[in-house]
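Student: Contents of target27.cif (mmCIF, C-alpha atoms) are below:
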```
data_my_file
#
loop_
_atom_site.label_atom_id
_atom_site.label_comp_id
_atom_site.auth_asym_id
_atom_site.auth_seq_id
_atom_site.Cartn_x
_atom_site.Cartn_y
_atom_site.Cartn_z
CA MET F 6 27.71 -5.69 -24.88
CA HIS F 7 27.45 -4.22 -28.36
CA GLY F 8 30.47 -1.97 -27.82
CA LYS F 9 28.59 0.43 -25.57
CA SER F 10 30.76 2.26 -23.06
CA ASP F 11 30.20 1.62 -19.35
CA SER F 12 31.57 5.06 -18.50
CA ASN F 13 28.82 6.82 -20.45
CA LEU F 14 25.87 4.95 -18.95
CA VAL F 15 22.76 6.88 -18.09
CA GLN F 16 22.46 6.63 -14.31
CA PRO F 17 19.59 4.40 -13.18
CA LEU F 18 16.49 5.59 -11.35
CA PHE F 19 15.67 3.65 -8.18
CA ILE F 20 12.17 3.96 -6.77
CA LEU F 21 12.33 3.64 -2.99
CA GLY F 22 9.17 2.85 -1.08
CA ALA F 23 7.45 0.43 1.25
CA PRO F 24 5.63 -2.50 -0.37
CA ARG F 25 2.07 -1.69 -1.48
CA SER F 26 2.94 1.97 -2.02
CA PHE F 27 2.00 2.04 -5.72
CA THR F 28 5.64 1.28 -6.59
CA SER F 29 4.80 -1.39 -9.21
CA LEU F 30 2.35 0.78 -11.14
CA ILE F 31 4.37 3.98 -10.96
CA CYS F 32 7.64 2.23 -11.86
CA ALA F 33 5.96 0.75 -14.93
CA MET F 34 4.53 4.16 -15.86
CA VAL F 35 7.86 5.97 -15.54
CA GLY F 36 9.55 3.05 -17.30
CA GLN F 37 7.32 3.53 -20.36
CA HIS F 38 8.88 6.89 -21.20
CA PRO F 39 10.80 6.31 -24.46
CA ASP F 40 14.05 7.35 -22.76
CA ASN F 41 13.58 4.90 -19.87
CA TYR F 42 13.56 1.13 -19.48
CA GLY F 43 11.40 -0.17 -16.65
CA VAL F 44 12.52 -3.55 -15.33
CA PRO F 45 10.91 -6.04 -12.96
CA GLU F 46 12.33 -6.40 -9.45
CA LEU F 47 15.99 -7.28 -10.02
CA ASN F 48 16.84 -7.65 -6.31
CA LEU F 49 20.56 -7.71 -7.09
CA PHE F 50 21.86 -5.35 -4.42
CA VAL F 51 21.04 -7.60 -1.47
CA ALA F 52 24.60 -8.98 -1.61
CA ASP F 53 28.02 -8.24 -3.06
CA SER F 54 28.21 -11.19 -5.45
CA LEU F 55 25.72 -12.85 -7.75
CA LYS F 56 26.53 -16.17 -6.10
CA GLU F 57 25.46 -14.80 -2.71
CA VAL F 58 22.20 -13.54 -4.21
CA TRP F 59 21.54 -16.93 -5.81
CA GLU F 60 22.23 -18.74 -2.54
CA GLN F 61 19.90 -16.41 -0.60
CA MET F 62 16.98 -16.90 -2.99
CA VAL F 63 16.05 -20.44 -2.04
CA GLY F 64 12.80 -22.06 -0.94
CA LEU F 65 9.94 -19.57 -0.93
CA ARG F 66 12.37 -16.81 -1.83
CA GLN F 67 13.01 -18.30 -5.28
CA ILE F 68 10.32 -16.00 -6.62
CA GLN F 69 12.66 -13.08 -5.91
CA LEU F 70 14.78 -14.28 -8.85
CA HIS F 71 11.90 -14.10 -11.31
CA GLY F 72 12.45 -10.45 -12.17
CA LEU F 73 16.12 -10.97 -13.01
CA LEU F 74 15.34 -14.06 -15.10
CA ARG F 75 12.57 -12.31 -17.03
CA THR F 76 14.77 -9.28 -17.67
CA VAL F 77 17.68 -11.34 -18.96
CA ALA F 78 15.37 -13.54 -21.05
CA TYR F 79 13.83 -10.55 -22.78
CA LEU F 80 17.00 -8.50 -23.19
CA TYR F 81 19.01 -11.33 -24.69
CA SER F 82 16.37 -13.26 -26.65
CA GLY F 83 13.55 -10.79 -27.21
CA GLU F 84 10.98 -13.06 -25.58
CA GLN F 85 9.88 -14.54 -22.26
CA THR F 86 9.29 -18.24 -22.77
CA LEU F 87 10.29 -21.47 -21.03
CA ALA F 88 13.27 -21.72 -23.39
CA SER F 89 14.42 -18.12 -22.92
CA VAL F 90 14.08 -18.36 -19.12
CA ASP F 91 16.19 -21.52 -19.26
CA MET F 92 18.76 -19.51 -21.23
CA ALA F 93 18.57 -16.77 -18.57
CA ARG F 94 19.38 -19.31 -15.86
CA ARG F 95 22.48 -20.38 -17.79
CA TRP F 96 23.39 -16.70 -18.23
CA VAL F 97 23.25 -16.31 -14.45
CA MET F 98 25.23 -19.51 -13.82
CA LEU F 99 28.03 -18.25 -16.04
CA ARG F 100 28.26 -15.08 -13.96
CA LEU F 101 28.00 -16.46 -10.43
CA GLU F 102 31.55 -15.40 -9.57
CA ARG F 103 30.92 -11.83 -10.65
CA SER F 104 29.92 -9.00 -8.33
CA THR F 105 26.36 -7.76 -8.39
CA ALA F 106 27.84 -4.41 -9.44
CA GLN F 107 29.30 -6.00 -12.59
CA VAL F 108 26.05 -7.78 -13.41
CA TYR F 109 23.93 -4.67 -12.89
CA ARG F 110 26.26 -2.59 -15.05
CA GLU F 111 26.05 -5.22 -17.78
CA LEU F 112 22.27 -4.92 -17.81
CA CYS F 113 22.52 -1.13 -17.92
CA VAL F 114 24.91 -1.36 -20.87
CA ARG F 115 22.49 -3.71 -22.60
CA VAL F 116 19.65 -1.17 -22.48
CA ALA F 117 21.80 1.93 -23.10
CA PRO F 118 21.19 4.69 -24.05
CA LEU F 119 17.96 4.16 -22.07
CA ARG F 120 17.78 4.60 -18.30
CA VAL F 121 17.01 1.57 -16.12
CA VAL F 122 14.08 2.17 -13.74
CA ASP F 123 14.09 -0.29 -10.82
CA LYS F 124 11.75 -0.55 -7.82
CA SER F 125 12.93 -3.66 -5.96
CA PRO F 126 11.27 -3.24 -2.51
CA ILE F 127 13.88 -5.47 -0.89
CA TYR F 128 16.46 -2.68 -1.24
CA VAL F 129 14.78 -0.48 1.37
CA ALA F 130 14.59 -3.28 3.93
CA ARG F 131 18.23 -2.74 4.89
CA TYR F 132 20.40 0.35 4.83
CA GLU F 133 23.35 -1.74 3.59
CA ASN F 134 21.45 -2.57 0.40
CA LEU F 135 21.01 1.11 -0.36
CA MET F 136 24.69 1.78 0.24
CA ARG F 137 25.60 -0.96 -2.24
CA ILE F 138 23.63 0.92 -4.87
CA HIS F 139 25.40 4.16 -4.00
CA ASP F 140 28.83 2.53 -4.17
CA VAL F 141 28.11 1.31 -7.71
CA PHE F 142 26.09 4.27 -9.00
CA PRO F 143 27.15 7.36 -7.02
CA CYS F 144 25.13 9.60 -9.36
CA ALA F 145 21.94 7.51 -9.50
CA TYR F 146 18.52 9.09 -9.13
CA TYR F 147 16.10 8.21 -6.33
CA LEU F 148 12.35 8.69 -6.22
CA HIS F 149 11.10 8.32 -2.65
CA LEU F 150 7.54 7.13 -3.16
CA LEU F 151 5.16 7.37 -0.23
CA ARG F 152 1.73 6.07 0.68
CA HIS F 153 -0.28 7.03 3.74
CA PRO F 154 0.60 4.55 6.53
CA ARG F 155 -3.10 3.78 7.16
CA THR F 156 -3.98 2.71 3.61
CA GLN F 157 -0.55 1.13 3.08
CA GLY F 158 -1.06 -0.95 6.22
CA GLU F 159 -4.54 -2.00 5.19
CA SER F 160 -3.22 -3.01 1.76
CA ILE F 161 -0.33 -5.02 3.24
CA LEU F 162 -2.71 -7.00 5.42
CA LYS F 163 -4.72 -8.05 2.36
CA VAL F 164 -1.68 -9.82 0.90
CA ALA F 165 -1.88 -13.53 1.75
CA GLU F 166 -3.94 -12.75 4.85
CA GLY F 167 -1.19 -10.66 6.42
CA ALA F 168 1.69 -13.02 5.64
CA MET F 169 3.76 -10.21 4.10
CA ALA F 170 3.64 -8.20 7.34
CA ILE F 171 4.70 -11.25 9.33
CA LEU F 172 7.58 -12.04 6.95
CA VAL F 173 9.06 -8.56 7.48
CA ASN F 174 8.59 -8.88 11.27
CA SER F 175 6.08 -6.05 11.47
CA ILE F 176 4.86 -7.25 14.83
CA ASP F 177 4.10 -5.39 18.05
CA TYR F 178 5.65 -7.51 20.80
CA THR F 179 4.47 -5.18 23.57
CA THR F 180 1.00 -6.75 23.52
CA GLU F 181 -0.05 -10.17 24.83
CA PRO F 182 -0.26 -12.00 22.54
CA PRO F 183 1.94 -10.09 20.04
CA MET F 184 -0.02 -8.31 17.32
CA VAL F 185 0.70 -7.83 13.61
CA ASP F 186 1.02 -4.08 13.05
CA PRO F 187 2.19 -2.92 9.59
CA GLN F 188 3.07 0.58 10.80
CA ILE F 189 6.21 -0.91 12.38
CA ALA F 190 7.69 -1.93 9.03
CA TRP F 191 6.44 1.30 7.42
CA CYS F 192 8.45 3.30 9.98
CA ARG F 193 11.54 1.12 9.69
CA ILE F 194 11.55 1.45 5.91
CA GLN F 195 11.03 5.23 5.94
CA GLU F 196 13.84 5.64 8.46
CA ASN F 197 16.19 3.63 6.23
CA ILE F 198 15.26 5.72 3.21
CA LEU F 199 15.56 9.06 5.01
CA LYS F 200 18.93 8.12 6.49
CA PHE F 201 20.22 7.09 3.08
CA LEU F 202 18.89 10.09 1.19
CA LYS F 203 20.78 12.43 3.50
CA ILE F 204 23.93 11.61 1.53
CA ILE F 205 22.25 12.11 -1.86
CA PRO F 206 22.42 15.57 -3.51
CA ASP F 207 19.09 17.37 -3.79
CA SER F 208 19.34 17.26 -7.58
CA ASN F 209 19.30 13.46 -7.54
CA LYS F 210 16.36 12.82 -5.24
CA MET F 211 12.65 13.54 -5.25
CA ARG F 212 9.89 12.73 -2.75
CA LEU F 213 6.31 12.30 -3.92
CA HIS F 214 3.07 10.90 -2.54
CA GLY F 215 1.88 8.04 -4.70
CA GLU F 216 -1.69 9.25 -4.15
CA ASP F 217 -0.82 12.61 -5.74
CA ILE F 218 0.75 11.00 -8.81
CA LEU F 219 -2.26 8.79 -9.43
CA ASN F 220 -4.75 11.59 -8.76
CA GLN F 221 -2.97 14.04 -11.08
CA PRO F 222 -0.81 11.87 -13.35
CA ASN F 223 -0.16 14.35 -16.15
CA SER F 224 1.10 17.03 -13.79
CA TYR F 225 3.34 14.78 -11.69
CA LEU F 226 4.68 12.71 -14.58
CA LYS F 227 5.77 15.96 -16.22
CA GLN F 228 7.45 16.94 -12.97
CA ILE F 229 9.35 13.63 -12.90
CA CYS F 230 10.42 14.08 -16.53
CA GLN F 231 11.69 17.60 -15.86
CA TRP F 232 13.64 16.35 -12.86
CA LEU F 233 15.27 13.60 -14.97
CA LYS F 234 15.89 16.11 -17.78
CA ILE F 235 13.95 14.10 -20.35
CA SER F 236 11.20 15.26 -22.70
CA ASP F 237 7.85 15.98 -21.07
CA ASP F 238 5.81 16.52 -24.25
CA ASN F 239 2.30 15.12 -24.39
CA GLN F 240 3.28 12.15 -26.56
CA LYS F 241 5.78 10.99 -23.92
CA ILE F 242 3.27 11.50 -21.10
CA GLN F 243 0.68 9.48 -23.03
CA ALA F 244 3.18 6.62 -23.33
CA MET F 245 3.69 6.74 -19.55
CA LEU F 246 -0.07 6.43 -19.01
CA HIS F 247 0.04 2.96 -20.55
CA PRO F 248 2.11 0.77 -18.20
CA GLU F 249 0.36 -2.29 -19.65
CA ASP F 250 2.53 -1.83 -22.78
CA SER F 251 5.63 -2.92 -20.88
CA PRO F 252 6.76 -6.44 -21.84
CA PHE F 253 6.96 -7.18 -18.11
CA ALA F 254 3.41 -6.02 -17.27
CA CYS F 255 1.96 -9.52 -17.34
CA LEU F 256 2.53 -12.92 -15.80
CA GLY F 257 5.62 -14.64 -17.16
CA PRO F 258 6.26 -18.27 -18.08
CA ILE F 259 6.39 -21.09 -15.54
CA GLY F 260 9.50 -20.74 -13.42
CA ALA F 261 9.58 -16.96 -13.77
CA HIS F 262 5.94 -15.94 -13.66
CA LEU F 263 6.28 -13.11 -11.14
CA GLY F 264 9.01 -10.49 -10.79
CA ASN F 265 6.49 -7.95 -9.59
CA ASP F 266 3.38 -7.55 -7.47
CA ILE F 267 0.91 -10.17 -8.67
CA ASN F 268 -2.06 -7.81 -8.47
CA PHE F 269 -0.27 -5.43 -10.84
CA LEU F 270 0.68 -8.27 -13.20
CA ARG F 271 -2.94 -9.40 -13.39
CA SER F 272 -4.28 -5.89 -13.99
CA PRO F 273 -1.50 -3.50 -15.10
CA ARG F 274 -3.58 -0.73 -16.67
CA PHE F 275 -3.65 2.71 -15.14
CA ARG F 276 -7.22 3.71 -14.36
CA TYR F 277 -8.20 7.26 -13.53
CA GLN F 278 -9.86 7.11 -10.13
CA LYS F 279 -9.72 9.56 -7.28
CA ILE F 280 -7.78 8.18 -4.33
CA PRO F 281 -9.45 9.60 -1.21
CA SER F 282 -7.33 11.18 1.50
CA SER F 283 -6.81 9.32 4.75
CA THR F 284 -6.14 10.45 8.32
CA LEU F 285 -3.53 9.91 11.00
CA ASP F 286 -6.17 10.31 13.72
CA GLY F 287 -8.25 7.57 15.26
CA SER F 288 -7.98 3.84 15.81
CA LEU F 289 -6.53 1.39 13.30
CA SER F 290 -8.64 -1.39 11.81
CA TRP F 291 -5.93 -3.97 12.42
CA ARG F 292 -5.34 -3.29 16.12
CA ARG F 293 -7.34 -5.46 18.50
CA ASP F 294 -6.82 -2.96 21.30
CA GLY F 295 -8.36 -0.08 19.35
CA GLY F 296 -5.02 1.72 19.29
CA GLY F 297 -3.88 4.24 16.72
CA PHE F 298 -0.56 5.25 15.24
CA ASN F 299 2.39 5.38 17.61
CA GLN F 300 4.35 8.58 18.12
CA THR F 301 7.15 7.60 15.72
CA THR F 302 4.69 6.96 12.91
CA LEU F 303 2.82 10.20 13.60
CA GLU F 304 6.03 12.25 13.53
CA LEU F 305 7.39 10.59 10.37
CA ALA F 306 4.11 10.77 8.48
CA THR F 307 3.56 14.40 9.48
CA GLU F 308 7.12 15.30 8.44
CA MET F 309 6.44 13.76 5.04
CA GLY F 310 3.24 15.69 4.47
CA TYR F 311 0.44 13.43 5.67
CA GLN F 312 -2.32 14.49 8.03
#
```
Show how you would write the structure in this file as structure tokens.
Tutor:
Amino acid sequence: MHGKSDSNLVQPLFILGAPRSFTSLICAMVGQHPDNYGVPELNLFVADSLKEVWEQMVGLRQIQLHGLLRTVAYLYSGEQTLASVDMARRWVMLRLERSTAQVYRELCVRVAPLRVVDKSPIYVARYENLMRIHDVFPCAYYLHLLRHPRTQGESILKVAEGAMAILVNSIDYTTEPPMVDPQIAWCRIQENILKFLKIIPDSNKMRLHGEDILNQPNSYLKQICQWLKISDDNQKIQAMLHPEDSPFACLGPIGAHLGNDINFLRSPRFRYQKIPSSTLDGSLSWRRDGGGFNQTTLELATEMGYQ
């Protein structure tokens, strides 16, 4: 661990948001600040021990280990190759009896004095996952990243023909037959985040619309830097506008090729383009019955600044 002190670690930044809420791109952008270290999806805080995480990530879920393997490969060998990923697997095997807290701290020590920036979407799926983070890093920072529930839902349904929405049980069972409806998971995730952030001091949390960041990146990236108390000079902002410079902003080797949203990995550049506003009114393209947002969604979205 190069003699770096655990007690003096810079507290990580966790980006909390529903899938397809610009989390991959914005995490990579914030992670490119010279004082930060953006990582792929580590997914460690889904269990108390590394062994439990390893046992959960089987079958189709094996891809949820890719981010951890790529991170370890690069941090300990300086490359992401078949050989270094094989080394990363041995690194994990040697630590199976350790807690996820110990493993996460070790990674933080490895990148110190930089700040780890992590956006693992699996954390917001369950309140318990968020509490694990808080137990380990009581002074961590949290960026609550939002996307309008209409465009987020439309984006989710484009992933593997709606398979992602089905996997997270975003299904309206009140219809016959039941209907896939991504607003259900959007609400559940926002409720988890809001409940958790109630225990976080105001100084350690920030809520932003992803659309605003991408429409006015210089302004909002400066705001994030000021919040984290890191330099916001133009050189640093320019670095943040190039997420493609991250060593993880590409497909990895066989056996660890993901670790992030595949669309981002295939095209990680930030492109200036105006993201149009959306509306909470009217029917939803994915509802066969022509229905719109339910009352819970309307109240949550309105509370968080959407119209």
Student: Taking the file as shown, what set of residues would the PyMOL selection byres ((chain F and resi 67-73) around 9) give back, as a list in words?
Tutor: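 Here the PyMOL selection byres ((chain F and resi 67-73) around 9) matches Val44, Pro45, Glu46, Leu47, Asn48, Leu49, Val58, Trp59, Gln61, Met62, Val63, Gly64, Leu65, Arg66, Leu74, Arg75, Thr76, Val77, Ala78, Ala93, Phe253, Gly257, Gly260, Ala261, His262, Leu263, Gly264 and Asn265 of chain F.
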Student: Taking into account only C-alpha atoms, which residue in the set F:Asp91, F:Asp250, F:Glu304, F:Asp266 is nearest to Pro39 of chain F?
Tutor: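 Checking each candidate against Pro39 of chain F, we get F:Asp250 as the closest.
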Student: Give me, as a list in words, all polymer residues having an atom no more than 8 Å from segment 96-106 of chain F, counting all atoms listed in the file and skipping those fewer than 4 positions away in the same chain.
Tutor: Leu49, Phe50, Ala52, Asp53, Ser54, Leu55, Lys56, Trp59, Val77, Met92, Arg110 and Val141 of chain F
Student: Which neighbours of segment 238-249 of chain F fall inside 8 Å, counting all atoms listed in the file, when residues of the same chain fewer than 5 positions from it are skipped, and could you give them as a list in words?
Tutor: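 The filter keeps Leu30, Ala33, Met34, Val35, Gly36, Gln37, His38, Pro39, Pro222, Asn223, Leu226, Lys227, Ala254, Cys255, Pro273, Arg274 and Phe275 of chain F.
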Student: Between F:Trp291, F:Tyr128, F:Phe269, F:Tyr79, which one has atoms that come closest to Arg115 of chain F, using all atoms listed in the file?
Tutor: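 Closest to Arg115 of chain F, using all atoms listed in the file: F:Tyr79.
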Student: Could you please determine the separation between atom CA of His153 of chain F and atom CA of Thr28 of chain F in Å, to one decimal place?
Tutor: 13.2 Å
Student: How close does segment 42-114 of chain F get to segment 11-26 of chain F? List, as CSV, each residue of segment 42-114 of chain F within 10 Å, its nearest atom pair and the distance in Å to one decimal, counting all atoms listed in the file.
Tutor:
```
residue,atom,partner,partner_atom,distance
F:Tyr42,CA,F:Pro17,CA,9.3
F:Gly43,CA,F:Leu18,CA,9.3
F:Arg110,CA,F:Asp11,CA,7.2
F:Glu111,CA,F:Asp11,CA,8.2
F:Cys113,CA,F:Leu14,CA,7.0
F:Val114,CA,F:Asp11,CA,6.3
```
Student: Restrict the selected residues to C-alpha atoms and save them as a PDB file, in the frame of the given file.
Tutor:
```pdb
ATOM      1  CA  TYR F  42      13.560   1.130 -19.480  1.00  0.00           C
ATOM      2  CA  GLY F  43      11.400  -0.170 -16.650  1.00  0.00           C
ATOM      3  CA  ARG F 110      26.260  -2.590 -15.050  1.00  0.00           C
ATOM      4  CA  GLU F 111      26.050  -5.220 -17.780  1.00  0.00           C
ATOM      5  CA  CYS F 113      22.520  -1.130 -17.920  1.00  0.00           C
ATOM      6  CA  VAL F 114      24.910  -1.360 -20.870  1.00  0.00           C
TER       7      VAL F 114
END
```
Student: Between atom CA of Leu303 of chain F and atom CA of Leu150 of chain F, measure the distance and give it in Å to one decimal.
Tutor: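 Taking atom CA of Leu303 of chain F and atom CA of Leu150 of chain F, their separation equals 17.7 Å.
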Student: Using all atoms listed in the file, which of the listed residues (F:Asp177, F:Tyr132, F:His139, F:Leu148) sits closest to Lys200 of chain F?
Tutor: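 Closest to Lys200 of chain F of all the choices is F:Tyr132.
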Student: Can you measure atom CA of Gln157 of chain F to atom CA of Trp191 of chain F for me? One decimal in Å is fine.
Tutor: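 Interatomic distance, atom CA of Gln157 of chain F to atom CA of Trp191 of chain F: 8.2 Å.
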Student: My list of candidates is F:Val116, F:Arg95, F:Glu216, F:Lys163. Which is closest to Ile280 of chain F when distances are computed with all atoms listed in the file?
Tutor: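 With all atoms listed in the file as the atom set, the closest residue is F:Glu216.
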Student: Taking into account all atoms listed in the file, which residue in the set F:Pro143, F:Pro118, F:Pro187, F:Pro182 is nearest to Leu289 of chain F?
Tutor: F:Pro187
